[in-house]
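Have a look at the structure below, then the notes.
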Amino acid sequence: MTTESFERWRHDYDAVRLRRPDFATMSGIPLEPVYGPGDGEFPGVYPYTRGIHASMYRTRLWTMRMFAGFGTALDTNRRFRDIIAAGGTGLSTAFDMPTLLGLDSDDPMALGEVGRCGVAIDTLSDVRDLFDGIDLGSITTSMTINAPAAIMLALFVANAESTGVPRARLGGTLQNDILKEYQAQKEFVFPPRPSMRLVRDTITFTAAEMPRWNAVSVSGYHIREAGSTAVEELAFTLANGFAYLELGRDAGLPVDAVAPRLSFFFNAHIDFFEEIAKYRAARRIWARWLRGHYGATDERSWQLRFHTQTAGVSLTAQQPENNIARTAIEALAGVLGGTQSLHTNSMDEALALPTEKAARIALRTQQIIAHETNVAHVADPLGGSYFVEELTDEVERQAEEIFAQILDMGSGSMLEGCIAGVESNWFQRRIAESAYILERSFNRGERIVIGANGFTEGNDDADLELLSITNDDERRQVERLGRVRASRDDAVVRRALDELATQAADPEVNLMPALIHAARAEVSVGEMMKTLAGVFGRYTEVPVL
Amino acid sequence: MSVRVLVAKVGLDGHDRGVKVVARILRDAGMEVVYTGLFQTPESVATAAIQEDVDVVGLSMLSGAHLTLAPLVVAALRERGSAIPVVVGGIVPPSDVTALREAGVADVFGPGASAESIVASVAALAAETPQ
């Protein structure tokens with residue numbers, strides 16, 4: 001028996017181009033694009049439990065998007081070129097801590113952190129060097145930045161346009177998920193409401209002018225790394241996604257104008273089947289809520305697209321080579337769960353930023369999954385497993401319980417519920433509690449982590465060679481910034497900042513044009529952030545244990 | 001009297017999972033724990049440690065700035081005439097441990113350090129601290 005769902009899938013599958021003429025096992029057994037009863041669910045068809053595309057990886061493999069950034073823009077530019085040369089198909093920019101918090105490299109609070117966890121970006125000159133020689137109109141670029149996200153978007157647009165690529169041609173993603181900063185990652189600057197205004201400004205700006213740009217990458221990754229369970233990661237992240245939808249709706253944008261520019265970012269932890277169930281449940285929940293609760297009619301609004309990164313917290317400093325195996329298992333979960341893009345961590349990341357060799361092995365791990373295992377031949381290969389289907393249903397049921405709690409905190413609004421939950425430390429407490437419970441099970445020996453609390457023979461083997469970043473990078477970056485400051489027209493800088501302050505004071509104004517103007521004038525990230533903080537204030541977390 | 005510990009995050013590093021978990025582990029072991037919250041300076045940590053009259057200061061550092069910032073915390077305490085020992089936990093490569101110890105850090109807990117080893121070290125340091 002077949003149904004409308006099957007007919008729709010068949011129609012869509014037959015219409016797309018495939019990346020090879022036939023798909024078979026290594027021994028020559030021909031493979032169907034998807035398996036299951038004719039009256040069951042199909043990929044590319046609502047509610048998308050089995051994937052958002054009819055042909056899934058038969059048309060295109062996931063994007064192997066390796067996160068990179070360290071030192072100065074010149075250093076990271078070289079790494080970007082290596083990634084492209086090695087077959088990477090997207091760029092993902094890691095910024096250093098001062099940049100993530102909107103501080104210039106010469107700020108006293110930046111001491112010791114410049115260029116350490118990512119690349120230091122202070123002005124347009126740095127962005128120009130960062131992407132030098134890379135065609136921004138053809139590659140997609142992801143920028144992992146939140147509190148200063150609007151400023152980084154302004155710098156990116158200003159740089160691309162100065163090299164002749166119009167903003168409408170730029171494809172990429174801004175992380176720009178400030179809610180999870182308060183909940184988990186803790187790189188906030190302004191209080192929640194003015195921060196959400198900046199997010200709103202980027203959503204409405206990109207909706208109007210940048211059709212290939214994802215305004216927000218709603219991120220569960222950091223929530224999970226901070227200690228949440230898989231269900232909390234899923235539920236908090238989707239709730240935040242609903243909150244951004246409501247933010248756009250409140251600014252006058254139809255749900256169908258906002259939803260297709262939200263993408264998601266999930267963790268791939270070590271509990272293999274739970275992770276796969278999480279991704280399947282995520283797609284189904286999003287589809288149901290968008291179509292039902294939010295009344296979206298565009299199918300693209302119903303389709304949850306996501307990036308996956310393997311779990312940094314699952315890596316061990318002991319016998320670090322074992323991390324290659326952990327990462328491979330986690331990456332496989334992401335692929336079997338239908339991810340659109342993937343970053344695999346390097347074996348040495350429990351100790352330092354990765355060396356080039358370790359990063360290459362991590363990329364090779366994805367390529368082995370993609371090209372040797374044949375797992376990408378069949379969509380949702382675990383669909384129909386009694387176990388995986390039950391686990392998917394249970395993860396969805398538990399997530400719905402959390403949504404009800406958040407809606408309750410917001411008197412029916414997810415946006416207000418998420419802000420209230422941040423301000424009352426509700427999210428932060430739940431995450432800390434889950435982290436503690438997991439750590440206790442480790443300390444009691446109920447959870448074994450190879451090399452850490454079990455199977456420790458080999459822990460004393462020779463150390464890996466680690467990447468060492470010297471303070472020279474910090475000194476070089478501070479000098480670069482000094483040269484830019486000396487070469488600018490101070491009156492132009494002053495006027496750009498005054499204009500920014502005036503516009504920031506009116507919550508109805510979209511700040512993107514003023515930020516792009518300031519970016520062109522070589523105004524620094526720190527100067528723009530300080531000006532905005534003068535209007536918005538700064539947020540201080542009340543710490544909870 | 002129970003052991004008093006100040007746990008702190010210095011600089012821009014927002015990773016607070018470890019500091020919160022370790023704080024609870026120390027509390028479970030019967031210690032009194034004060035947490036500074038995020039984004040502290042070496043000076044603010046030293047001042048808080050002296051005001052709170054703690055036996056040990058624990059720094060949680062996961063961003064790679066430990067070699068710059070941990071010695072500054074030790075120095076800030078000593079400048080204020082305090083002998084309170086400082087320990088560091090977090091993402092610290094083994095090759096950095098010697099440098100931290102030479103800068104006056106009393107103990108270092110890398111990734112995967114057990115709860116018992118942290119509790120035992122803090123308790124031993126507290127017992128040595130002149131009252």
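Identifiers in the structure tokens: chain A, B, ... in order shown; residue index from 1 per chain; ligand index from 1 in order shown.
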
Self-check item: chain A residues near chain B (6 Å cut-off, only C-alpha atoms) as number ranges by chain
Solution: A: 112-113, 186, 226, 317, 351, 436, 452, 543, 545

Quiz item: So which residues touch Gln340 (chain A) within 7 Å, counting only C-alpha atoms, skipping near sequence neighbours fewer than 4 positions away, as number ranges by chain?
Solution: A: 62-63, 305-307

Could you save those same residues with C-alpha atoms as a PDB file, in the first residue's frame?
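Heads up, here's the output in part10.pdb:
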ATOM      1  CA  TRP A  62      26.903  17.014   4.023  1.00  0.00           C
ATOM      2  CA  THR A  63      29.169  20.065   4.072  1.00  0.00           C
ATOM      3  CA  ARG A 305      18.354  22.232   8.876  1.00  0.00           C
ATOM      4  CA  PHE A 306      21.263  21.648  11.206  1.00  0.00           C
ATOM      5  CA  HIS A 307      25.008  21.637  11.623  1.00  0.00           C
TER       6      HIS A 307
END

Exercise. Return as JSON, numbers by chain the full set of residues in region 56-294 of chain A whose backbone-based DSSP assignment is strand (DSSP E or B).
Key: {"A": [63, 64, 65, 66, 67, 68, 71, 90, 91, 92, 93, 94, 95, 119, 141, 142, 143, 144, 172, 173, 174, 213, 214, 216, 217, 218, 219, 262, 263, 264, 265, 266, 267, 268]}

Self-check item: Distance of CA of Val231 (chain A) from CA of Glu274 (chain A), expressed in Å to one decimal place
Solution: 9.2 Å

Self-check item: Nearest candidate to Ile84 (chain A) (options A:Arg480, A:Arg19, A:Arg429, A:Arg360; using only C-alpha atoms)
Solution: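 Once distances to Ile84 (chain A) are computed over only C-alpha atoms, the minimum belongs to A:Arg360.
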
Practice problem: Give me the residues within 6 Å of region 513-520 of chain A as JSON, numbers by chain, counting only C-alpha atoms and dropping any in the same chain fewer than 6 places off. | Solution: {"A": [154, 155, 496, 500]}

Serialized selection, N, CA, C and O atoms, as a tab-separated table (two decimals), in the first residue's frame:
chain	number	residue	atom	x	y	z
A	154	ALA	N	28.28	43.39	9.89
A	154	ALA	CA	28.53	44.68	9.25
A	154	ALA	C	29.95	44.69	8.64
A	154	ALA	O	30.15	45.13	7.51
A	155	LEU	N	30.93	44.19	9.38
A	155	LEU	CA	32.30	44.14	8.88
A	155	LEU	C	32.41	43.22	7.66
A	155	LEU	O	33.10	43.52	6.69
A	496	ALA	N	30.78	58.64	13.16
A	496	ALA	CA	30.13	57.33	12.99
A	496	ALA	C	29.65	56.79	14.34
A	496	ALA	O	28.55	56.21	14.44
A	500	LEU	N	25.83	56.17	15.69
A	500	LEU	CA	25.46	54.85	16.21
A	500	LEU	C	24.75	55.00	17.56
A	500	LEU	O	23.72	54.37	17.81

Practice problem: Can you pull out every residue within 9 Å of Ala359 (chain A), counting only C-alpha atoms, but drop anything in the same chain fewer than 2 positions away, and send it as an MDAnalysis selection string? | Solution: chainID A and resid 66 344:348 354:357 361:364

With only C-alpha atoms as the counted atoms, please give the residues lying no more than 6 Å from region 84-88 of chain B, apart from itself and same-chain residues fewer than 6 positions off, as a short mmCIF file (atom, residue, chain, number, x, y, z; two decimals) with N, CA and C atoms, in the first residue's frame.
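Output file out33.cif follows:
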data_model
loop_
_atom_site.label_atom_id
_atom_site.label_comp_id
_atom_site.auth_asym_id
_atom_site.auth_seq_id
_atom_site.Cartn_x
_atom_site.Cartn_y
_atom_site.Cartn_z
N VAL B 56 42.07 28.38 50.54
CA VAL B 56 42.62 28.04 49.23
C VAL B 56 41.84 28.81 48.16
N VAL B 57 42.55 29.22 47.10
CA VAL B 57 41.90 29.81 45.93
C VAL B 57 42.02 28.82 44.78
N GLY B 58 40.88 28.53 44.12
CA GLY B 58 40.89 27.63 42.96
C GLY B 58 40.51 28.40 41.71
N LEU B 59 41.39 28.38 40.72
CA LEU B 59 41.10 29.07 39.45
C LEU B 59 40.71 28.04 38.39
N SER B 60 39.63 28.32 37.67
CA SER B 60 39.20 27.44 36.59
C SER B 60 39.53 28.12 35.27
N VAL B 105 52.01 28.55 41.70
CA VAL B 105 50.75 27.81 41.76
C VAL B 105 51.01 26.50 42.52
N ALA B 106 50.14 26.20 43.50
CA ALA B 106 50.42 25.09 44.41
C ALA B 106 50.07 23.73 43.81
N ASP B 107 49.07 23.68 42.96
CA ASP B 107 48.72 22.40 42.34
C ASP B 107 47.93 22.67 41.06
N VAL B 108 47.99 21.71 40.14
CA VAL B 108 47.31 21.86 38.85
C VAL B 108 46.50 20.59 38.58
#

Quiz item: Could you pull the residues within 8 Å of region 398-413 of chain A, counting only C-alpha atoms, minus those fewer than 3 positions along the same chain, as a ChimeraX atom specification?
Solution: /A:231-232,234-236,239,243,394-395,416-418,420-421

Save out the residues we just selected, C-alpha atoms, as a PDB file, in the first residue's frame.
ATOM      1  CA  VAL A 231      16.651  16.262  25.872  1.00  0.00           C
ATOM      2  CA  GLU A 232      17.490  19.589  27.512  1.00  0.00           C
ATOM      3  CA  LEU A 234      17.019  19.710  22.154  1.00  0.00           C
ATOM      4  CA  ALA A 235      14.209  21.415  24.071  1.00  0.00           C
ATOM      5  CA  PHE A 236      16.089  24.566  25.115  1.00  0.00           C
ATOM      6  CA  ALA A 239      12.477  26.905  22.438  1.00  0.00           C
ATOM      7  CA  ALA A 243      11.672  32.747  20.529  1.00  0.00           C
ATOM      8  CA  GLU A 394      10.308   9.526  24.042  1.00  0.00           C
ATOM      9  CA  VAL A 395      12.777  12.356  23.361  1.00  0.00           C
ATOM     10  CA  GLU A 416       9.073  35.932  27.046  1.00  0.00           C
ATOM     11  CA  GLY A 417       9.501  32.457  28.556  1.00  0.00           C
ATOM     12  CA  CYS A 418      13.091  32.198  27.345  1.00  0.00           C
ATOM     13  CA  ALA A 420      12.254  35.015  31.965  1.00  0.00           C
ATOM     14  CA  GLY A 421      14.066  31.676  32.239  1.00  0.00           C
TER      15      GLY A 421
END

Self-check item: Contact residues around Ser2 (chain B) with only C-alpha atoms at 7 Å, ignoring same-chain residues under 6 positions, as a ChimeraX atom specification
Solution: /B:30-32

Self-check item: For Asp298 (chain A), the nearest of the candidates A:Arg116, A:Tyr46, A:Phe205, A:Ser105, counting only C-alpha atoms
Solution: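 Nearest candidate to Asp298 (chain A) out of A:Arg116, A:Tyr46, A:Phe205, A:Ser105: A:Tyr46.
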